[in-house]
$ cat query01.csv   # CSV, C-alpha atoms
chain,number,residue,atom,x,y,z
P,16,MET,CA,-15.7,-111.6,55.8
P,17,ARG,CA,-15.9,-107.8,56.0
P,18,SER,CA,-18.7,-106.2,58.0
P,19,ASP,CA,-21.6,-104.4,56.3
P,20,THR,CA,-20.2,-101.1,57.6
P,21,SER,CA,-16.8,-101.7,55.9
P,22,MET,CA,-18.4,-102.7,52.7
P,23,MET,CA,-20.5,-99.6,52.7
P,24,GLN,CA,-17.7,-97.2,53.7
P,25,PRO,CA,-16.5,-96.4,50.1
P,26,LEU,CA,-20.0,-95.5,49.1
P,27,LEU,CA,-20.5,-93.3,52.2
P,28,ASP,CA,-17.1,-91.7,51.7
P,29,GLY,CA,-18.1,-90.9,48.1
P,30,PHE,CA,-21.3,-89.1,49.2
P,31,ALA,CA,-19.3,-87.1,51.8
P,32,ALA,CA,-16.7,-86.0,49.3
P,33,ARG,CA,-16.5,-82.3,48.5
P,34,ALA,CA,-14.1,-82.7,45.6
P,35,ARG,CA,-15.9,-81.4,42.5
P,36,THR,CA,-16.0,-83.6,39.5
P,37,SER,CA,-17.2,-81.0,36.9
P,38,ASP,CA,-15.0,-78.4,35.1
P,39,GLY,CA,-15.8,-75.8,37.8
P,40,LEU,CA,-17.5,-73.5,35.3
P,41,ALA,CA,-21.0,-73.9,36.5
P,42,ALA,CA,-21.2,-70.2,37.5
P,43,HIS,CA,-21.0,-69.4,33.7
P,44,ARG,CA,-23.9,-71.8,32.9
P,45,SER,CA,-27.6,-71.6,33.8
P,46,PRO,CA,-30.7,-73.6,32.9
P,47,LYS,CA,-32.2,-72.6,29.6
P,48,PRO,CA,-34.9,-70.0,29.8
P,49,PHE,CA,-38.4,-70.4,28.5
P,50,ALA,CA,-38.8,-67.6,25.9
P,51,ASP,CA,-42.4,-68.5,25.1
P,52,ALA,CA,-43.6,-69.1,28.7
P,53,THR,CA,-46.5,-67.0,29.9
P,54,ARG,CA,-46.3,-65.8,33.5
P,55,VAL,CA,-49.4,-66.6,35.4
P,56,ALA,CA,-50.9,-65.0,38.6
P,57,VAL,CA,-51.7,-67.5,41.3
P,58,ASP,CA,-55.2,-66.9,42.7
P,59,GLU,CA,-55.1,-68.0,46.3
P,60,GLN,CA,-58.7,-68.5,47.0
P,61,GLU,CA,-60.0,-69.2,50.5
P,62,ALA,CA,-59.8,-72.8,51.6
P,63,ALA,CA,-62.9,-74.8,52.3
P,64,PRO,CA,-64.2,-74.7,55.9
P,65,GLY,CA,-62.0,-76.7,58.2
P,66,HIS,CA,-59.0,-76.6,55.8
P,67,PRO,CA,-56.1,-76.7,55.8
P,68,ARG,CA,-56.0,-79.1,58.7
P,69,ASP,CA,-53.1,-78.7,61.1
P,70,LEU,CA,-50.0,-80.9,60.9
P,71,ALA,CA,-51.1,-83.3,63.7
P,72,ALA,CA,-54.5,-83.9,62.1
P,73,THR,CA,-52.9,-84.3,58.7
P,74,LEU,CA,-50.4,-86.9,59.9
P,75,LEU,CA,-53.2,-88.9,61.6
P,76,THR,CA,-55.3,-89.0,58.4
P,77,ARG,CA,-52.5,-89.1,55.8
P,78,ARG,CA,-52.4,-92.0,53.3
P,79,SER,CA,-50.2,-92.6,50.3
P,80,SER,CA,-52.6,-93.4,47.4
P,81,LEU,CA,-52.5,-94.6,43.8
P,82,HIS,CA,-56.3,-94.6,43.5
P,83,TYR,CA,-57.7,-91.3,42.3
P,84,ALA,CA,-61.0,-89.7,41.3
P,85,ASP,CA,-61.5,-88.3,37.8
P,86,THR,CA,-62.4,-84.9,39.3
P,87,PRO,CA,-60.1,-82.0,38.2
P,88,VAL,CA,-58.0,-80.3,40.9
P,89,ARG,CA,-57.9,-76.5,41.3
P,90,THR,CA,-54.5,-75.7,39.7
P,91,ASP,CA,-54.2,-72.4,41.6
P,92,LEU,CA,-54.1,-74.3,44.8
P,93,ILE,CA,-51.3,-76.6,43.5
P,94,LEU,CA,-49.3,-73.7,42.1
P,95,SER,CA,-49.6,-71.8,45.4
P,96,LEU,CA,-48.6,-74.8,47.5
P,97,VAL,CA,-45.6,-75.6,45.3
P,98,GLN,CA,-44.4,-71.9,45.3
P,99,LYS,CA,-44.7,-71.6,49.1
P,100,THR,CA,-42.8,-74.9,49.4
P,101,LEU,CA,-40.0,-73.6,47.3
P,102,ARG,CA,-39.9,-70.3,49.2
P,103,ARG,CA,-39.6,-72.2,52.5
P,104,ASP,CA,-36.8,-74.3,50.9
P,105,SER,CA,-34.9,-71.2,49.8
P,106,ASP,CA,-35.3,-69.3,53.0
P,107,GLY,CA,-34.6,-72.3,55.2
P,108,TRP,CA,-31.5,-73.6,53.5
P,109,GLN,CA,-29.9,-70.4,52.3
P,110,LEU,CA,-28.0,-72.3,49.6
P,111,ASP,CA,-29.4,-70.8,46.4
P,112,ASP,CA,-26.3,-68.8,45.8
P,113,ASP,CA,-24.1,-72.0,46.2
P,114,THR,CA,-26.2,-74.7,44.6
P,115,GLY,CA,-28.8,-72.8,42.7
P,116,PRO,CA,-32.5,-72.7,43.6
P,117,LEU,CA,-34.9,-75.6,43.2
P,118,GLU,CA,-37.6,-75.3,40.6
P,119,ALA,CA,-40.7,-77.4,39.9
P,120,PHE,CA,-42.8,-78.4,37.0
P,121,VAL,CA,-46.4,-79.1,37.5
P,122,PHE,CA,-48.1,-81.4,34.9
P,123,ALA,CA,-51.7,-80.4,35.4
P,124,LEU,CA,-53.5,-83.2,33.5
P,125,ARG,CA,-57.0,-82.5,34.9
P,126,SER,CA,-57.3,-78.9,35.9
P,127,GLU,CA,-59.9,-76.6,37.4
P,128,GLY,CA,-59.6,-72.8,37.0
P,129,LYS,CA,-56.6,-72.8,34.7
P,130,PRO,CA,-55.8,-74.6,31.4
P,131,ALA,CA,-54.6,-78.1,31.7
P,132,GLY,CA,-50.9,-77.9,30.9
P,133,VAL,CA,-47.3,-77.7,32.1
P,134,TYR,CA,-46.4,-75.0,34.6
P,135,ARG,CA,-43.0,-74.0,35.8
P,136,VAL,CA,-42.8,-72.8,39.4
P,137,THR,CA,-40.0,-71.1,41.3
P,138,ALA,CA,-40.0,-69.4,44.6
P,139,ARG,CA,-40.6,-66.1,42.8
P,140,GLU,CA,-43.0,-66.8,40.0
P,141,ALA,CA,-45.2,-69.3,38.1
P,142,SER,CA,-45.5,-69.6,34.3
P,143,TYR,CA,-47.4,-71.6,31.8
P,144,ILE,CA,-45.1,-73.6,29.5
P,145,ALA,CA,-47.4,-75.7,27.2
P,146,PRO,CA,-50.8,-77.3,27.0
P,147,ALA,CA,-51.2,-80.8,28.4
P,148,SER,CA,-51.6,-82.3,25.0
P,149,VAL,CA,-47.8,-81.9,24.3
P,150,VAL,CA,-47.1,-84.4,27.1
P,151,GLY,CA,-48.6,-87.1,25.0
P,152,ASP,CA,-49.5,-90.3,26.8
P,153,PRO,CA,-49.3,-89.5,30.6
P,154,GLU,CA,-48.3,-93.1,31.2
P,155,LEU,CA,-44.9,-92.2,29.8
P,156,LEU,CA,-44.2,-89.9,32.8
P,157,GLY,CA,-43.8,-92.7,35.4
P,158,VAL,CA,-42.6,-96.2,35.7
P,159,GLN,CA,-46.0,-97.2,37.2
P,160,ARG,CA,-49.0,-96.6,35.1
P,161,GLU,CA,-51.1,-95.6,38.1
P,162,PHE,CA,-49.2,-92.3,38.3
P,163,ALA,CA,-50.9,-91.3,35.0
P,164,ASP,CA,-54.3,-91.6,36.6
P,165,ALA,CA,-53.6,-88.7,39.0
P,166,ALA,CA,-55.0,-85.2,38.3
P,167,GLY,CA,-51.4,-84.0,38.1
P,168,ILE,CA,-47.7,-84.6,38.8
P,169,VAL,CA,-45.2,-82.3,40.4
P,170,SER,CA,-41.5,-82.9,39.7
P,171,VAL,CA,-38.7,-81.0,41.4
P,172,TYR,CA,-35.5,-80.2,39.5
P,173,ALA,CA,-32.1,-79.0,40.7
P,174,ASP,CA,-29.0,-77.5,39.2
P,175,ILE,CA,-26.6,-80.4,40.0
P,176,ASP,CA,-23.9,-78.7,37.9
P,177,ARG,CA,-23.7,-75.9,40.4
P,178,ALA,CA,-24.1,-78.2,43.3
P,179,ASP,CA,-21.1,-80.3,42.2
P,180,SER,CA,-19.0,-77.2,41.5
P,181,TRP,CA,-19.8,-76.0,45.1
P,182,ALA,CA,-19.2,-79.2,47.0
P,183,GLY,CA,-18.9,-82.3,44.8
P,184,SER,CA,-20.9,-85.3,45.8
P,185,HIS,CA,-21.9,-83.5,49.0
P,186,GLY,CA,-23.6,-80.8,46.9
P,187,TYR,CA,-25.6,-83.4,45.0
P,188,ARG,CA,-26.6,-85.0,48.3
P,189,LEU,CA,-27.9,-81.7,49.7
P,190,CYS,CA,-29.9,-81.1,46.5
P,191,ALA,CA,-31.5,-84.5,46.9
P,192,VAL,CA,-32.3,-83.9,50.5
P,193,ARG,CA,-33.8,-80.5,49.7
P,194,ALA,CA,-35.9,-81.9,46.9
P,195,SER,CA,-37.2,-84.7,49.2
P,196,MET,CA,-38.1,-82.2,52.0
P,197,ALA,CA,-39.8,-79.9,49.5
P,198,LEU,CA,-41.9,-82.7,48.0
P,199,TYR,CA,-43.0,-84.0,51.4
P,200,ASP,CA,-43.9,-80.5,52.4
P,201,PHE,CA,-46.0,-80.2,49.3
P,202,HIS,CA,-47.5,-83.7,49.7
P,203,LEU,CA,-48.5,-83.1,53.3
P,204,ARG,CA,-50.1,-79.7,52.5
P,205,CYS,CA,-52.1,-81.4,49.7
P,206,GLN,CA,-53.3,-83.9,52.3
P,207,SER,CA,-54.3,-81.1,54.6
P,208,HIS,CA,-56.7,-79.9,51.9
P,209,ASP,CA,-58.2,-83.4,51.5
P,210,LEU,CA,-56.2,-84.3,48.4
P,211,VAL,CA,-54.3,-87.5,48.0
P,212,GLY,CA,-51.2,-88.7,46.2
P,213,THR,CA,-47.9,-90.3,46.6
P,214,ILE,CA,-44.2,-89.4,46.5
P,215,PHE,CA,-42.2,-91.4,43.9
P,216,GLY,CA,-38.8,-91.6,42.4
P,217,GLY,CA,-39.8,-93.2,39.1
P,218,PHE,CA,-40.5,-90.0,37.2
P,219,ILE,CA,-39.3,-90.6,33.6
P,220,GLY,CA,-37.5,-87.3,33.0
P,221,SER,CA,-36.5,-88.3,29.4
P,222,ALA,CA,-40.2,-88.2,28.4
P,223,VAL,CA,-40.3,-84.5,28.9
P,224,ARG,CA,-36.6,-83.6,28.5
P,225,ASN,CA,-37.1,-81.3,25.6
P,226,LEU,CA,-40.4,-79.8,26.9
P,227,VAL,CA,-38.8,-78.7,30.2
P,228,GLN,CA,-35.4,-78.1,28.6
P,229,SER,CA,-33.7,-80.5,31.0
P,230,ASP,CA,-30.0,-81.2,30.1
P,231,GLY,CA,-29.5,-83.5,33.1
P,232,ALA,CA,-27.0,-81.1,34.7
P,233,THR,CA,-28.2,-77.5,35.0
P,234,ARG,CA,-31.8,-78.8,35.2
P,235,HIS,CA,-32.1,-82.3,36.5
P,236,PRO,CA,-35.2,-84.1,37.9
P,237,LEU,CA,-34.8,-85.5,41.5
P,238,LEU,CA,-38.2,-86.5,42.9
P,239,ALA,CA,-41.9,-86.3,42.0
P,240,ALA,CA,-45.3,-86.5,43.6
P,241,THR,CA,-48.8,-87.1,42.3
P,242,TYR,CA,-51.9,-85.2,43.5
P,243,ALA,CA,-55.6,-85.8,43.0
P,244,HIS,CA,-59.0,-86.0,44.7
P,245,PRO,CA,-59.5,-89.3,46.5
P,246,ALA,CA,-61.3,-92.1,44.7
P,247,PRO,CA,-65.0,-92.4,45.8
$ encode --input "query01.csv" --output "C-alpha cells"
Amino acid sequence: MRSDTSMMQPLLDGFAARARTSDGLAAHRSPKPFADATRVAVDEQEAAPGHPRDLAATLLTRRSSLHYADTPVRTDLILSLVQKTLRRDSDGWQLDDDTGPLEAFVFALRSEGKPAGVYRVTAREASYIAPASVVGDPELLGVQREFADAAGIVSVYADIDRADSWAGSHGYRLCAVRASMALYDFHLRCQSHDLVGTIFGGFIGSAVRNLVQSDGATRHPLLAATYAHPAP
C-alpha cells in the first residue's frame, strides 16, 4: 500500500506546476467594467472609544459567529476596512502586474449611513453597483441559510485567467492564499470594532454572476465573510 504522501504527491505537484493551461492571452482580457456604477466616497468616521482594539486583545476575544443582531452596520466602516485590506494586499505581495489585483464585492443587506446595496471595492476606489433588492433572496448567496442573517457579506474575487497565464496552478494558488489572507485581515479588523461574523467558502457565486459580471475567469469568487453586530 502506498503511503499517504505518495498518494498526495500528484496533487501537490499539480499545485506547484507553473505551466499555464490557458491560451496565454490574459493580458488582452480584463474584467468587465461597470458602466452604471456610481463612485462613492468612504467617510472614515472616528471609531467608538476603545476601538479598534489591538491585535492581541482582538485575538483573545474573537469568535466566529453565525448568530447576528438585526441592527444595521455602518457601511462606511465596512468599505473602509475592505479597501485598506486590499491596499495592504497589493502593497505586500507586489503581484498585481502579474496576477491582477484582488477586488471585493460588499453585499450590504442592512446598512447604516449608505443605501443597502451591492458595492464594488478595489484598493483605489469604491462604487455603488445596485440596490440590495436586486440580490433577491439573500439565502441564495450561501450554502448555509445562516449567512443570509448577517448584516452583509463580503466576497473577494481574483483574475485567475491572468494568474494562470503568469504561473499556471501556482498562480491560482497564490490568488487563493492572497484572498484568504485579505478576508482574515478584514474579519479580524471587524472583530476589533466589536462586530462578528465568519469566514466561509460556500458563497454561491452563480447567484450574482450577472450582477457582478463574473465570468469565472477574469473575475472569479474565491472566499467570503459575513459581518454583523452580535446577537443580544
$ residues_around --input "query01.csv" --residues "stretch 228-245 of chain P" --least-positions-apart "6" --cutoff "8 Å" --atoms "only C-alpha atoms" --output "compact mmCIF listing (two decimals) with C-alpha atoms, in the coordinates of the input"
# COMPACT_ATOMS: atom_id res chain seq x y z
CA ARG P 44 -23.90 -71.80 32.90
CA SER P 45 -27.60 -71.60 33.80
CA PRO P 46 -30.70 -73.60 32.90
CA LYS P 47 -32.20 -72.60 29.60
CA HIS P 82 -56.30 -94.60 43.50
CA TYR P 83 -57.70 -91.30 42.30
CA ALA P 84 -61.00 -89.70 41.30
CA ASP P 85 -61.50 -88.30 37.80
CA THR P 86 -62.40 -84.90 39.30
CA PRO P 87 -60.10 -82.00 38.20
CA VAL P 88 -58.00 -80.30 40.90
CA PHE P 162 -49.20 -92.30 38.30
CA ALA P 165 -53.60 -88.70 39.00
CA ALA P 166 -55.00 -85.20 38.30
CA GLY P 167 -51.40 -84.00 38.10
CA ILE P 168 -47.70 -84.60 38.80
CA VAL P 169 -45.20 -82.30 40.40
CA SER P 170 -41.50 -82.90 39.70
CA VAL P 171 -38.70 -81.00 41.40
CA TYR P 172 -35.50 -80.20 39.50
CA ALA P 173 -32.10 -79.00 40.70
CA ASP P 174 -29.00 -77.50 39.20
CA ILE P 175 -26.60 -80.40 40.00
CA ASP P 176 -23.90 -78.70 37.90
CA ARG P 177 -23.70 -75.90 40.40
CA ALA P 191 -31.50 -84.50 46.90
CA ALA P 194 -35.90 -81.90 46.90
CA SER P 195 -37.20 -84.70 49.20
CA LEU P 198 -41.90 -82.70 48.00
CA HIS P 202 -47.50 -83.70 49.70
CA CYS P 205 -52.10 -81.40 49.70
CA ASP P 209 -58.20 -83.40 51.50
CA LEU P 210 -56.20 -84.30 48.40
CA VAL P 211 -54.30 -87.50 48.00
CA GLY P 212 -51.20 -88.70 46.20
CA THR P 213 -47.90 -90.30 46.60
CA ILE P 214 -44.20 -89.40 46.50
CA PHE P 215 -42.20 -91.40 43.90
CA GLY P 216 -38.80 -91.60 42.40
CA GLY P 217 -39.80 -93.20 39.10
CA PHE P 218 -40.50 -90.00 37.20
CA GLY P 220 -37.50 -87.30 33.00
$ atom_distance --input "query01.csv" --atom1 "atom CA of P:Glu59" --atom2 "atom CA of P:Gly128"
11.4 Å
$ closest_residue --input "query01.csv" --among "P:Arg78, P:His66, P:Arg33, P:Lys99" --to "P:Phe201" --atoms "all atoms listed in the file"
P:Lys99
$ closest_residue --input "query01.csv" --among "P:Ser180, P:Thr53, P:Asn225, P:Thr137" --to "P:Leu101" --atoms "all atoms listed in the file"
P:Thr137
$ closest_residue --input "query01.csv" --among "P:Asp104, P:Glu140, P:Asp112, P:Asp164" --to "P:Leu124" --atoms "all atoms listed in the file"
P:Asp164
$ atom_distance --input "query01.csv" --atom1 "atom CA of P:Ala163" --atom2 "atom CA of P:Ala138"
26.3 Å
$ decode --input "query01.csv" --residues "stretch 72-158 of chain P" --atoms "C-alpha atoms" --output "mmCIF file, in the first residue's frame"
data_model
loop_
_atom_site.group_PDB
_atom_site.id
_atom_site.type_symbol
_atom_site.label_atom_id
_atom_site.label_comp_id
_atom_site.auth_asym_id
_atom_site.auth_seq_id
_atom_site.Cartn_x
_atom_site.Cartn_y
_atom_site.Cartn_z
ATOM 1 C CA ALA P 72 -6.994 41.911 22.513
ATOM 2 C CA THR P 73 -8.870 41.071 19.324
ATOM 3 C CA LEU P 74 -7.483 37.538 19.156
ATOM 4 C CA LEU P 75 -8.310 36.920 22.813
ATOM 5 C CA THR P 76 -11.965 37.924 22.324
ATOM 6 C CA ARG P 77 -12.513 36.758 18.723
ATOM 7 C CA ARG P 78 -15.293 34.264 17.999
ATOM 8 C CA SER P 79 -16.630 33.019 14.679
ATOM 9 C CA SER P 80 -20.387 33.521 14.788
ATOM 10 C CA LEU P 81 -23.488 32.623 12.798
ATOM 11 C CA HIS P 82 -25.838 34.400 15.213
ATOM 12 C CA TYR P 83 -26.429 38.052 14.435
ATOM 13 C CA ALA P 84 -28.416 41.050 15.613
ATOM 14 C CA ASP P 85 -30.875 42.737 13.267
ATOM 15 C CA THR P 86 -29.090 46.075 13.758
ATOM 16 C CA PRO P 87 -27.696 47.621 10.548
ATOM 17 C CA VAL P 88 -23.948 48.090 10.265
ATOM 18 C CA ARG P 89 -22.282 51.331 9.190
ATOM 19 C CA THR P 90 -21.325 50.576 5.599
ATOM 20 C CA ASP P 91 -18.671 53.304 5.512
ATOM 21 C CA LEU P 92 -16.753 51.328 8.130
ATOM 22 C CA ILE P 93 -17.019 48.120 6.093
ATOM 23 C CA LEU P 94 -15.963 49.793 2.839
ATOM 24 C CA SER P 95 -13.024 51.422 4.604
ATOM 25 C CA LEU P 96 -11.865 48.152 6.173
ATOM 26 C CA VAL P 97 -12.168 46.283 2.875
ATOM 27 C CA GLN P 98 -10.323 48.959 0.912
ATOM 28 C CA LYS P 99 -7.468 49.135 3.410
ATOM 29 C CA THR P 100 -7.243 45.346 3.345
ATOM 30 C CA LEU P 101 -6.912 45.350 -0.440
ATOM 31 C CA ARG P 102 -4.265 48.069 -0.271
ATOM 32 C CA ARG P 103 -2.255 46.017 2.173
ATOM 33 C CA ASP P 104 -2.584 43.003 -0.116
ATOM 34 C CA SER P 105 -1.444 44.978 -3.148
ATOM 35 C CA ASP P 106 1.476 46.619 -1.361
ATOM 36 C CA GLY P 107 2.561 43.491 0.461
ATOM 37 C CA TRP P 108 2.518 40.969 -2.375
ATOM 38 C CA GLN P 109 3.527 43.259 -5.242
ATOM 39 C CA LEU P 110 1.854 40.849 -7.689
ATOM 40 C CA ASP P 111 -0.881 42.978 -9.233
ATOM 41 C CA ASP P 112 1.028 43.350 -12.503
ATOM 42 C CA ASP P 113 1.444 39.578 -12.731
ATOM 43 C CA THR P 114 -1.821 38.139 -11.446
ATOM 44 C CA GLY P 115 -4.068 41.186 -11.455
ATOM 45 C CA PRO P 116 -5.359 42.899 -8.297
ATOM 46 C CA LEU P 117 -7.930 41.432 -5.956
ATOM 47 C CA GLU P 118 -11.323 43.100 -5.820
ATOM 48 C CA ALA P 119 -14.216 42.700 -3.408
ATOM 49 C CA PHE P 120 -17.974 42.988 -3.548
ATOM 50 C CA VAL P 121 -19.830 44.059 -0.433
ATOM 51 C CA PHE P 122 -23.440 42.916 -0.206
ATOM 52 C CA ALA P 123 -24.695 45.397 2.374
ATOM 53 C CA LEU P 124 -28.071 43.908 3.295
ATOM 54 C CA ARG P 125 -28.700 46.016 6.423
ATOM 55 C CA SER P 126 -26.883 49.290 6.071
ATOM 56 C CA GLU P 127 -26.413 52.401 8.156
ATOM 57 C CA GLY P 128 -25.249 55.656 6.554
ATOM 58 C CA LYS P 129 -25.372 54.446 2.963
ATOM 59 C CA PRO P 130 -28.050 52.721 0.875
ATOM 60 C CA ALA P 131 -28.352 48.979 1.319
ATOM 61 C CA GLY P 132 -26.917 47.516 -1.831
ATOM 62 C CA VAL P 133 -24.004 45.996 -3.667
ATOM 63 C CA TYR P 134 -20.670 47.823 -3.597
ATOM 64 C CA ARG P 135 -17.519 47.067 -5.552
ATOM 65 C CA VAL P 136 -14.278 47.830 -3.729
ATOM 66 C CA THR P 137 -10.710 47.933 -5.022
ATOM 67 C CA ALA P 138 -7.515 49.211 -3.464
ATOM 68 C CA ARG P 139 -8.151 52.550 -5.190
ATOM 69 C CA GLU P 140 -11.887 53.181 -5.098
ATOM 70 C CA ALA P 141 -15.356 52.089 -4.026
ATOM 71 C CA SER P 142 -18.521 52.240 -6.094
ATOM 72 C CA TYR P 143 -22.211 51.512 -5.734
ATOM 73 C CA ILE P 144 -23.370 48.841 -8.181
ATOM 74 C CA ALA P 145 -27.026 48.148 -7.402
ATOM 75 C CA PRO P 146 -29.665 48.254 -4.651
ATOM 76 C CA ALA P 147 -29.921 45.287 -2.316
ATOM 77 C CA SER P 148 -33.300 44.364 -3.795
ATOM 78 C CA VAL P 149 -31.639 43.046 -6.973
ATOM 79 C CA VAL P 150 -29.935 40.329 -4.940
ATOM 80 C CA GLY P 151 -33.308 38.737 -4.327
ATOM 81 C CA ASP P 152 -33.437 36.174 -1.550
ATOM 82 C CA PRO P 153 -30.190 36.550 0.446
ATOM 83 C CA GLU P 154 -30.341 32.841 1.310
ATOM 84 C CA LEU P 155 -29.272 32.168 -2.270
ATOM 85 C CA LEU P 156 -25.869 33.714 -1.532
ATOM 86 C CA GLY P 157 -24.584 30.902 0.665
ATOM 87 C CA VAL P 158 -24.826 27.175 1.180
#
